[in-house]
Amino acid sequence: VIIDSGLHRFGVAPDRAVEFVKRLSELKNLKFKGISTHPGHVYGAGSYEEIARYTEDECTSLHIAKENLQKAGFNVKIVSSGSTPTFEQAVKDKNINIYHPGNYVFYDVVQASLKVAKADQCALKVYTTIISQPAEDIFICDAGAKCLGLDKGAHGNSLISGYGAVAGHPDLVV
């Protein structure tokens, strides 16, 4: 069962998990195993320091849901979560027994902007060539939008502008 830990895009509220699992239990071909969440709202953080607040949302939501479900007699075998920015702190939570951070092994400009990773830890770089300069402040490169797409997360990330970063030139916007 997906628990809403603050993203408000999917899942049930932690305090409504028991009611939901009771209704789910009426379906004979389904067997309740546990709970999971995704604190994707962390991508709205404006700094590394703010990540702790989102991690608290994540861990507290799972704790409330698990505790309420156990009190209602349900066996909660799985408590799962995953988010790259919250990983460093949330993986220490004793309730979470499966953690699946999204791009944790790859990193990207979003993680670098949040100071979760350094630019040199990003697994992918796109090498491109400047093919023209039609104005003093405009350079045209031979990499298309498909190479440079940037997902700013479910709530956007104001720390990022453009479609990537130019190594060694933080003043440039792609």
# chains A, B, ... in the order shown; residues from 1 in each chain; ligands from 1

call {"tool": "closest_atom_pairs", "arguments": {"of": "stretch 40-157 of chain A", "to": "stretch 1-20 of chain A", "cutoff": "6 Å", "atoms": "only C-alpha atoms", "output": "CSV"}}
result
residue,atom,partner,partner_atom,distance
A:Gly40,CA,A:Leu7,CA,5.7
A:His41,CA,A:Leu7,CA,4.7
A:Asp57,CA,A:Ser5,CA,5.7
A:Glu58,CA,A:Ser5,CA,5.2
A:Ser61,CA,A:Ser5,CA,5.4
A:Ile64,CA,A:Pro14,CA,6.0
A:Ala65,CA,A:Pro14,CA,4.6
A:Leu69,CA,A:Val18,CA,5.4

call {"tool": "write_last_selection", "arguments": {"atoms": "all heavy atoms", "output": "PDB file, in the first residue's frame"}}
result
ATOM      1  N   GLY A  40       8.672  12.448  -3.093  1.00  0.00           N
ATOM      2  CA  GLY A  40       9.074  13.224  -4.263  1.00  0.00           C
ATOM      3  C   GLY A  40       8.948  14.716  -4.076  1.00  0.00           C
ATOM      4  O   GLY A  40       9.544  15.486  -4.842  1.00  0.00           O
ATOM      5  N   HIS A  41       8.200  15.139  -3.068  1.00  0.00           N
ATOM      6  CA  HIS A  41       8.084  16.577  -2.815  1.00  0.00           C
ATOM      7  C   HIS A  41       9.409  17.187  -2.376  1.00  0.00           C
ATOM      8  O   HIS A  41       9.564  18.406  -2.361  1.00  0.00           O
ATOM      9  CB  HIS A  41       6.962  16.860  -1.827  1.00  0.00           C
ATOM     10  CG  HIS A  41       7.081  16.206  -0.484  1.00  0.00           C
ATOM     11  ND1 HIS A  41       7.257  14.846  -0.314  1.00  0.00           N
ATOM     12  CD2 HIS A  41       7.050  16.735   0.761  1.00  0.00           C
ATOM     13  CE1 HIS A  41       7.320  14.582   0.974  1.00  0.00           C
ATOM     14  NE2 HIS A  41       7.209  15.708   1.644  1.00  0.00           N
ATOM     15  N   ASP A  57       9.116  13.972   7.011  1.00  0.00           N
ATOM     16  CA  ASP A  57       7.794  13.632   6.444  1.00  0.00           C
ATOM     17  C   ASP A  57       7.756  12.162   6.049  1.00  0.00           C
ATOM     18  O   ASP A  57       6.813  11.433   6.367  1.00  0.00           O
ATOM     19  CB  ASP A  57       7.495  14.454   5.189  1.00  0.00           C
ATOM     20  CG  ASP A  57       7.232  15.915   5.429  1.00  0.00           C
ATOM     21  OD1 ASP A  57       7.030  16.315   6.586  1.00  0.00           O
ATOM     22  OD2 ASP A  57       7.234  16.667   4.428  1.00  0.00           O
ATOM     23  N   GLU A  58       8.780  11.739   5.339  1.00  0.00           N
ATOM     24  CA  GLU A  58       8.887  10.365   4.833  1.00  0.00           C
ATOM     25  C   GLU A  58       8.849   9.352   5.977  1.00  0.00           C
ATOM     26  O   GLU A  58       8.032   8.428   5.988  1.00  0.00           O
ATOM     27  CB  GLU A  58      10.196  10.265   4.054  1.00  0.00           C
ATOM     28  CG  GLU A  58      10.598   8.910   3.571  1.00  0.00           C
ATOM     29  CD  GLU A  58      11.967   8.939   2.887  1.00  0.00           C
ATOM     30  OE1 GLU A  58      12.707   9.946   3.001  1.00  0.00           O
ATOM     31  OE2 GLU A  58      12.290   7.935   2.239  1.00  0.00           O
ATOM     32  N   SER A  61       5.568   9.520   8.308  1.00  0.00           N
ATOM     33  CA  SER A  61       4.393   8.954   7.631  1.00  0.00           C
ATOM     34  C   SER A  61       4.411   7.434   7.659  1.00  0.00           C
ATOM     35  O   SER A  61       3.397   6.793   7.952  1.00  0.00           O
ATOM     36  CB  SER A  61       4.327   9.444   6.184  1.00  0.00           C
ATOM     37  OG  SER A  61       4.155  10.829   6.142  1.00  0.00           O
ATOM     38  N   ILE A  64       3.790   6.185  11.353  1.00  0.00           N
ATOM     39  CA  ILE A  64       2.373   6.281  11.753  1.00  0.00           C
ATOM     40  C   ILE A  64       1.556   5.172  11.108  1.00  0.00           C
ATOM     41  O   ILE A  64       0.785   4.481  11.784  1.00  0.00           O
ATOM     42  CB  ILE A  64       1.796   7.667  11.388  1.00  0.00           C
ATOM     43  CG1 ILE A  64       2.406   8.749  12.282  1.00  0.00           C
ATOM     44  CG2 ILE A  64       0.265   7.677  11.489  1.00  0.00           C
ATOM     45  CD1 ILE A  64       2.120  10.169  11.821  1.00  0.00           C
ATOM     46  N   ALA A  65       1.728   4.992   9.802  1.00  0.00           N
ATOM     47  CA  ALA A  65       0.961   3.960   9.096  1.00  0.00           C
ATOM     48  C   ALA A  65       1.288   2.572   9.628  1.00  0.00           C
ATOM     49  O   ALA A  65       0.382   1.771   9.907  1.00  0.00           O
ATOM     50  CB  ALA A  65       1.237   4.039   7.596  1.00  0.00           C
ATOM     51  N   LEU A  69      -1.345   0.141  11.600  1.00  0.00           N
ATOM     52  CA  LEU A  69      -1.673  -1.151  10.992  1.00  0.00           C
ATOM     53  C   LEU A  69      -1.372  -2.304  11.944  1.00  0.00           C
ATOM     54  O   LEU A  69      -2.169  -3.246  12.071  1.00  0.00           O
ATOM     55  CB  LEU A  69      -0.909  -1.328   9.677  1.00  0.00           C
ATOM     56  CG  LEU A  69      -1.450  -0.504   8.508  1.00  0.00           C
ATOM     57  CD1 LEU A  69      -0.406  -0.370   7.407  1.00  0.00           C
ATOM     58  CD2 LEU A  69      -2.735  -1.129   7.964  1.00  0.00           C
TER      59      LEU A  69
END

call {"tool": "closest_residue", "arguments": {"among": "A:Lys77, A:Lys22, A:Lys115, A:Lys92", "to": "A:Gly46", "atoms": "only C-alpha atoms"}}
result
A:Lys115

call {"tool": "select_by_dssp", "arguments": {"residues": "stretch 10-115 of chain A", "states": "helix (DSSP H, G or I)", "output": "PyMOL selection string"}}
result
chain A and resi 14-24+40-44+51-71+84-90+109-113

call {"tool": "write_last_selection", "arguments": {"atoms": "N, CA and C atoms", "output": "compact mmCIF listing (two decimals), in the first residue's frame"}}
result
# COMPACT_ATOMS: atom_id res chain seq x y z
N PRO A 14 -1.38 8.53 5.97
CA PRO A 14 -0.94 7.56 6.98
C PRO A 14 -2.03 7.17 7.97
N ASP A 15 -2.87 8.12 8.36
CA ASP A 15 -3.92 7.85 9.34
C ASP A 15 -5.14 7.16 8.72
N ARG A 16 -5.13 6.93 7.41
CA ARG A 16 -6.23 6.23 6.74
C ARG A 16 -5.81 4.86 6.21
N ALA A 17 -4.57 4.46 6.52
CA ALA A 17 -4.03 3.19 6.02
C ALA A 17 -4.83 1.99 6.53
N VAL A 18 -5.21 2.00 7.80
CA VAL A 18 -5.95 0.87 8.37
C VAL A 18 -7.28 0.69 7.64
N GLU A 19 -8.00 1.77 7.47
CA GLU A 19 -9.29 1.74 6.77
C GLU A 19 -9.11 1.18 5.35
N PHE A 20 -8.07 1.63 4.67
CA PHE A 20 -7.82 1.18 3.30
C PHE A 20 -7.47 -0.31 3.26
N VAL A 21 -6.59 -0.76 4.16
CA VAL A 21 -6.17 -2.17 4.17
C VAL A 21 -7.34 -3.07 4.56
N LYS A 22 -8.21 -2.62 5.45
CA LYS A 22 -9.40 -3.41 5.78
C LYS A 22 -10.27 -3.62 4.55
N ARG A 23 -10.47 -2.56 3.77
CA ARG A 23 -11.26 -2.68 2.54
C ARG A 23 -10.54 -3.57 1.52
N LEU A 24 -9.24 -3.41 1.44
CA LEU A 24 -8.43 -4.22 0.54
C LEU A 24 -8.51 -5.70 0.90
N GLY A 40 8.67 12.45 -3.09
CA GLY A 40 9.07 13.22 -4.26
C GLY A 40 8.95 14.72 -4.08
N HIS A 41 8.20 15.14 -3.07
CA HIS A 41 8.08 16.58 -2.81
C HIS A 41 9.41 17.19 -2.38
N VAL A 42 10.40 16.36 -2.06
CA VAL A 42 11.73 16.84 -1.67
C VAL A 42 12.37 17.65 -2.81
N TYR A 43 11.95 17.41 -4.05
CA TYR A 43 12.52 18.14 -5.17
C TYR A 43 12.10 19.61 -5.18
N GLY A 44 11.24 19.98 -4.28
CA GLY A 44 10.89 21.38 -4.10
C GLY A 44 11.81 22.08 -3.10
N ILE A 51 16.35 19.41 3.17
CA ILE A 51 16.07 17.99 2.91
C ILE A 51 15.64 17.27 4.18
N ALA A 52 16.17 17.66 5.33
CA ALA A 52 15.83 17.01 6.60
C ALA A 52 14.33 17.07 6.87
N ARG A 53 13.69 18.17 6.52
CA ARG A 53 12.24 18.31 6.74
C ARG A 53 11.45 17.29 5.91
N TYR A 54 11.89 17.06 4.69
CA TYR A 54 11.22 16.10 3.82
C TYR A 54 11.49 14.67 4.28
N THR A 55 12.69 14.43 4.77
CA THR A 55 13.03 13.11 5.31
C THR A 55 12.15 12.82 6.53
N GLU A 56 11.92 13.83 7.33
CA GLU A 56 11.04 13.65 8.49
C GLU A 56 9.62 13.30 8.04
N ASP A 57 9.12 13.97 7.01
CA ASP A 57 7.79 13.63 6.44
C ASP A 57 7.76 12.16 6.05
N GLU A 58 8.78 11.74 5.34
CA GLU A 58 8.89 10.36 4.83
C GLU A 58 8.85 9.35 5.98
N CYS A 59 9.74 9.53 6.93
CA CYS A 59 9.88 8.56 8.03
C CYS A 59 8.69 8.58 8.98
N THR A 60 8.19 9.76 9.29
CA THR A 60 7.05 9.88 10.20
C THR A 60 5.80 9.27 9.59
N SER A 61 5.57 9.52 8.31
CA SER A 61 4.39 8.95 7.63
C SER A 61 4.41 7.43 7.66
N LEU A 62 5.56 6.86 7.37
CA LEU A 62 5.68 5.40 7.39
C LEU A 62 5.52 4.85 8.81
N HIS A 63 6.07 5.54 9.78
CA HIS A 63 5.97 5.11 11.17
C HIS A 63 4.50 5.11 11.64
N ILE A 64 3.79 6.19 11.35
CA ILE A 64 2.37 6.28 11.75
C ILE A 64 1.56 5.17 11.11
N ALA A 65 1.73 4.99 9.80
CA ALA A 65 0.96 3.96 9.10
C ALA A 65 1.29 2.57 9.63
N LYS A 66 2.56 2.28 9.80
CA LYS A 66 2.98 0.96 10.30
C LYS A 66 2.43 0.69 11.70
N GLU A 67 2.58 1.66 12.57
CA GLU A 67 2.12 1.50 13.95
C GLU A 67 0.60 1.27 14.01
N ASN A 68 -0.14 2.07 13.26
CA ASN A 68 -1.60 1.92 13.24
C ASN A 68 -2.02 0.57 12.66
N LEU A 69 -1.35 0.14 11.60
CA LEU A 69 -1.67 -1.15 10.99
C LEU A 69 -1.37 -2.30 11.94
N GLN A 70 -0.25 -2.24 12.63
CA GLN A 70 0.10 -3.30 13.58
C GLN A 70 -0.90 -3.34 14.74
N LYS A 71 -1.30 -2.18 15.23
CA LYS A 71 -2.29 -2.11 16.32
C LYS A 71 -3.62 -2.72 15.87
N THR A 84 16.38 9.78 -3.86
CA THR A 84 17.82 10.04 -3.80
C THR A 84 18.18 11.15 -2.81
N PRO A 85 17.49 12.29 -2.81
CA PRO A 85 17.89 13.35 -1.87
C PRO A 85 17.73 12.97 -0.40
N THR A 86 16.73 12.16 -0.06
CA THR A 86 16.50 11.83 1.35
C THR A 86 17.25 10.57 1.78
N PHE A 87 17.85 9.85 0.85
CA PHE A 87 18.48 8.56 1.14
C PHE A 87 19.46 8.61 2.31
N GLU A 88 20.38 9.53 2.28
CA GLU A 88 21.46 9.59 3.28
C GLU A 88 20.91 9.61 4.71
N GLN A 89 19.79 10.30 4.92
CA GLN A 89 19.21 10.39 6.26
C GLN A 89 18.17 9.29 6.51
N ALA A 90 17.31 9.02 5.53
CA ALA A 90 16.20 8.08 5.73
C ALA A 90 16.66 6.64 5.86
N VAL A 109 22.07 16.71 -12.46
CA VAL A 109 22.17 18.12 -12.11
C VAL A 109 21.22 18.46 -10.95
N VAL A 110 20.09 17.79 -10.87
CA VAL A 110 19.16 18.04 -9.76
C VAL A 110 19.84 17.70 -8.44
N GLN A 111 20.47 16.54 -8.37
CA GLN A 111 21.15 16.13 -7.13
C GLN A 111 22.31 17.07 -6.81
N ALA A 112 23.03 17.50 -7.83
CA ALA A 112 24.14 18.43 -7.62
C ALA A 112 23.62 19.78 -7.11
N SER A 113 22.48 20.23 -7.63
CA SER A 113 21.92 21.51 -7.20
C SER A 113 21.49 21.47 -5.74

call {"tool": "residues_around", "arguments": {"residues": "A:Thr129", "least_positions_apart": "2", "cutoff": "7 Å", "atoms": "only C-alpha atoms", "output": "list in words"}}
result
Ile131, Cys141 and Asp142 of chain A

call {"tool": "write_last_selection", "arguments": {"atoms": "N, CA, C and O atoms", "output": "compact mmCIF listing (two decimals), in the first residue's frame"}}
result
# COMPACT_ATOMS: atom_id res chain seq x y z
N ILE A 131 28.43 24.78 -32.72
CA ILE A 131 28.49 24.84 -34.18
C ILE A 131 28.25 26.24 -34.73
O ILE A 131 28.53 26.50 -35.89
N CYS A 141 24.63 24.44 -30.18
CA CYS A 141 25.40 23.20 -30.13
C CYS A 141 24.70 22.11 -30.94
O CYS A 141 23.55 22.26 -31.32
N ASP A 142 25.41 21.02 -31.16
CA ASP A 142 24.85 19.94 -31.98
C ASP A 142 24.18 18.84 -31.16
O ASP A 142 23.94 17.76 -31.67

call {"tool": "residues_around", "arguments": {"residues": "A:Ala165", "least_positions_apart": "2", "cutoff": "12 Å", "atoms": "only C-alpha atoms", "output": "PDB file with N, CA and C atoms, in the first residue's frame"}}
result
ATOM      1  N   ASP A 108      22.573  13.415 -11.003  1.00  0.00           N
ATOM      2  CA  ASP A 108      22.301  14.326 -12.109  1.00  0.00           C
ATOM      3  C   ASP A 108      22.392  15.760 -11.601  1.00  0.00           C
ATOM      4  N   VAL A 109      22.074  16.707 -12.465  1.00  0.00           N
ATOM      5  CA  VAL A 109      22.171  18.120 -12.107  1.00  0.00           C
ATOM      6  C   VAL A 109      21.221  18.462 -10.952  1.00  0.00           C
ATOM      7  N   VAL A 110      20.088  17.793 -10.873  1.00  0.00           N
ATOM      8  CA  VAL A 110      19.157  18.045  -9.764  1.00  0.00           C
ATOM      9  C   VAL A 110      19.836  17.699  -8.438  1.00  0.00           C
ATOM     10  N   ALA A 112      23.032  17.496  -7.825  1.00  0.00           N
ATOM     11  CA  ALA A 112      24.140  18.432  -7.616  1.00  0.00           C
ATOM     12  C   ALA A 112      23.618  19.779  -7.114  1.00  0.00           C
ATOM     13  N   SER A 113      22.478  20.228  -7.633  1.00  0.00           N
ATOM     14  CA  SER A 113      21.923  21.513  -7.195  1.00  0.00           C
ATOM     15  C   SER A 113      21.494  21.473  -5.735  1.00  0.00           C
ATOM     16  N   ALA A 119      29.204  17.501  -8.941  1.00  0.00           N
ATOM     17  CA  ALA A 119      29.087  17.350 -10.392  1.00  0.00           C
ATOM     18  C   ALA A 119      29.946  16.207 -10.921  1.00  0.00           C
ATOM     19  N   ASP A 120      31.130  16.007 -10.352  1.00  0.00           N
ATOM     20  CA  ASP A 120      31.993  14.933 -10.860  1.00  0.00           C
ATOM     21  C   ASP A 120      31.503  13.539 -10.476  1.00  0.00           C
ATOM     22  N   CYS A 122      28.321  12.677 -11.131  1.00  0.00           N
ATOM     23  CA  CYS A 122      27.275  12.375 -12.106  1.00  0.00           C
ATOM     24  C   CYS A 122      27.825  11.387 -13.126  1.00  0.00           C
ATOM     25  N   LEU A 124      26.760  10.565 -16.113  1.00  0.00           N
ATOM     26  CA  LEU A 124      26.601  10.827 -17.537  1.00  0.00           C
ATOM     27  C   LEU A 124      26.940  12.269 -17.856  1.00  0.00           C
ATOM     28  N   LYS A 125      27.695  12.425 -18.894  1.00  0.00           N
ATOM     29  CA  LYS A 125      27.982  13.746 -19.451  1.00  0.00           C
ATOM     30  C   LYS A 125      27.657  13.667 -20.931  1.00  0.00           C
ATOM     31  N   VAL A 126      27.159  14.737 -21.482  1.00  0.00           N
ATOM     32  CA  VAL A 126      26.901  14.822 -22.909  1.00  0.00           C
ATOM     33  C   VAL A 126      27.970  15.731 -23.495  1.00  0.00           C
ATOM     34  N   TYR A 127      28.768  15.176 -24.378  1.00  0.00           N
ATOM     35  CA  TYR A 127      29.784  15.974 -25.058  1.00  0.00           C
ATOM     36  C   TYR A 127      29.177  16.491 -26.347  1.00  0.00           C
ATOM     37  N   LEU A 148      19.407  16.490 -23.825  1.00  0.00           N
ATOM     38  CA  LEU A 148      19.564  17.475 -22.758  1.00  0.00           C
ATOM     39  C   LEU A 148      18.334  17.630 -21.880  1.00  0.00           C
ATOM     40  N   GLY A 149      17.336  16.764 -22.028  1.00  0.00           N
ATOM     41  CA  GLY A 149      16.131  16.878 -21.224  1.00  0.00           C
ATOM     42  C   GLY A 149      16.452  16.906 -19.749  1.00  0.00           C
ATOM     43  N   LEU A 150      15.726  17.698 -18.979  1.00  0.00           N
ATOM     44  CA  LEU A 150      15.982  17.814 -17.550  1.00  0.00           C
ATOM     45  C   LEU A 150      14.675  17.714 -16.788  1.00  0.00           C
ATOM     46  N   LEU A 159      16.410  25.744  -8.011  1.00  0.00           N
ATOM     47  CA  LEU A 159      17.862  25.864  -7.999  1.00  0.00           C
ATOM     48  C   LEU A 159      18.466  25.651  -9.383  1.00  0.00           C
ATOM     49  N   ILE A 160      17.644  25.178 -10.328  1.00  0.00           N
ATOM     50  CA  ILE A 160      18.134  24.823 -11.653  1.00  0.00           C
ATOM     51  C   ILE A 160      17.473  25.701 -12.701  1.00  0.00           C
ATOM     52  N   SER A 161      18.279  26.152 -13.657  1.00  0.00           N
ATOM     53  CA  SER A 161      17.701  26.817 -14.824  1.00  0.00           C
ATOM     54  C   SER A 161      18.289  26.144 -16.053  1.00  0.00           C
ATOM     55  N   GLY A 162      17.504  26.081 -17.082  1.00  0.00           N
ATOM     56  CA  GLY A 162      17.982  25.468 -18.313  1.00  0.00           C
ATOM     57  C   GLY A 162      17.828  23.968 -18.352  1.00  0.00           C
ATOM     58  N   TYR A 163      18.666  23.326 -19.187  1.00  0.00           N
ATOM     59  CA  TYR A 163      18.536  21.897 -19.467  1.00  0.00           C
ATOM     60  C   TYR A 163      19.802  21.119 -19.169  1.00  0.00           C
ATOM     61  N   ALA A 167      30.094  22.077 -17.795  1.00  0.00           N
ATOM     62  CA  ALA A 167      31.227  21.810 -16.886  1.00  0.00           C
ATOM     63  C   ALA A 167      32.232  22.961 -16.944  1.00  0.00           C
ATOM     64  N   GLY A 168      32.565  23.464 -15.768  1.00  0.00           N
ATOM     65  CA  GLY A 168      33.556  24.530 -15.667  1.00  0.00           C
ATOM     66  C   GLY A 168      33.030  25.923 -15.968  1.00  0.00           C
ATOM     67  N   HIS A 169      31.743  26.024 -16.263  1.00  0.00           N
ATOM     68  CA  HIS A 169      31.149  27.324 -16.586  1.00  0.00           C
ATOM     69  C   HIS A 169      29.780  27.476 -15.906  1.00  0.00           C
ATOM     70  N   PRO A 170      29.751  27.630 -14.599  1.00  0.00           N
ATOM     71  CA  PRO A 170      28.479  27.715 -13.872  1.00  0.00           C
ATOM     72  C   PRO A 170      27.629  28.926 -14.253  1.00  0.00           C
ATOM     73  N   ASP A 171      28.228  29.906 -14.924  1.00  0.00           N
ATOM     74  CA  ASP A 171      27.504  31.104 -15.337  1.00  0.00           C
ATOM     75  C   ASP A 171      26.690  30.898 -16.610  1.00  0.00           C
ATOM     76  N   LEU A 172      26.936  29.815 -17.346  1.00  0.00           N
ATOM     77  CA  LEU A 172      26.211  29.557 -18.589  1.00  0.00           C
ATOM     78  C   LEU A 172      24.940  28.781 -18.332  1.00  0.00           C
ATOM     79  N   VAL A 173      23.927  29.055 -19.135  1.00  0.00           N
ATOM     80  CA  VAL A 173      22.649  28.350 -19.045  1.00  0.00           C
ATOM     81  C   VAL A 173      22.427  27.621 -20.362  1.00  0.00           C
ATOM     82  N   VAL A 174      22.158  26.336 -20.289  1.00  0.00           N
ATOM     83  CA  VAL A 174      21.903  25.540 -21.491  1.00  0.00           C
ATOM     84  C   VAL A 174      20.443  25.688 -21.849  1.00  0.00           C
TER      85      VAL A 174
END

call {"tool": "residues_around", "arguments": {"residues": "A:Ile78", "least_positions_apart": "4", "cutoff": "10 Å", "atoms": "only C-alpha atoms", "output": "ChimeraX atom specification"}}
result
/A:1,32-36,66,95-98

call {"tool": "write_last_selection", "arguments": {"atoms": "N, CA and C atoms", "output": "mmCIF file, in the first residue's frame"}}
result
data_model
loop_
_atom_site.group_PDB
_atom_site.id
_atom_site.type_symbol
_atom_site.label_atom_id
_atom_site.label_comp_id
_atom_site.auth_asym_id
_atom_site.auth_seq_id
_atom_site.Cartn_x
_atom_site.Cartn_y
_atom_site.Cartn_z
ATOM 1 N N VAL A 1 0.854 -1.171 0.000
ATOM 2 C CA VAL A 1 0.000 0.000 0.000
ATOM 3 C C VAL A 1 0.895 1.227 0.000
ATOM 4 N N PHE A 32 -2.072 -8.470 1.687
ATOM 5 C CA PHE A 32 -1.318 -7.314 2.171
ATOM 6 C C PHE A 32 0.052 -7.749 2.675
ATOM 7 N N LYS A 33 1.100 -7.076 2.201
ATOM 8 C CA LYS A 33 2.474 -7.392 2.609
ATOM 9 C C LYS A 33 3.157 -6.228 3.316
ATOM 10 N N GLY A 34 2.775 -4.997 2.942
ATOM 11 C CA GLY A 34 3.462 -3.881 3.568
ATOM 12 C C GLY A 34 3.112 -2.544 2.957
ATOM 13 N N ILE A 35 3.961 -1.557 3.285
ATOM 14 C CA ILE A 35 3.711 -0.181 2.878
ATOM 15 C C ILE A 35 4.964 0.399 2.208
ATOM 16 N N SER A 36 4.732 1.415 1.406
ATOM 17 C CA SER A 36 5.825 2.090 0.719
ATOM 18 C C SER A 36 5.453 3.554 0.535
ATOM 19 N N LYS A 66 2.565 2.279 9.803
ATOM 20 C CA LYS A 66 2.978 0.957 10.299
ATOM 21 C C LYS A 66 2.433 0.695 11.697
ATOM 22 N N ASN A 95 12.481 1.743 10.872
ATOM 23 C CA ASN A 95 11.239 1.191 10.329
ATOM 24 C C ASN A 95 11.390 0.755 8.874
ATOM 25 N N ILE A 96 12.236 1.445 8.130
ATOM 26 C CA ILE A 96 12.377 1.163 6.701
ATOM 27 C C ILE A 96 13.294 -0.044 6.516
ATOM 28 N N ASN A 97 12.757 -1.093 5.879
ATOM 29 C CA ASN A 97 13.581 -2.286 5.663
ATOM 30 C C ASN A 97 13.932 -2.520 4.195
ATOM 31 N N ILE A 98 13.385 -1.711 3.307
ATOM 32 C CA ILE A 98 13.773 -1.730 1.889
ATOM 33 C C ILE A 98 13.858 -0.277 1.447
#
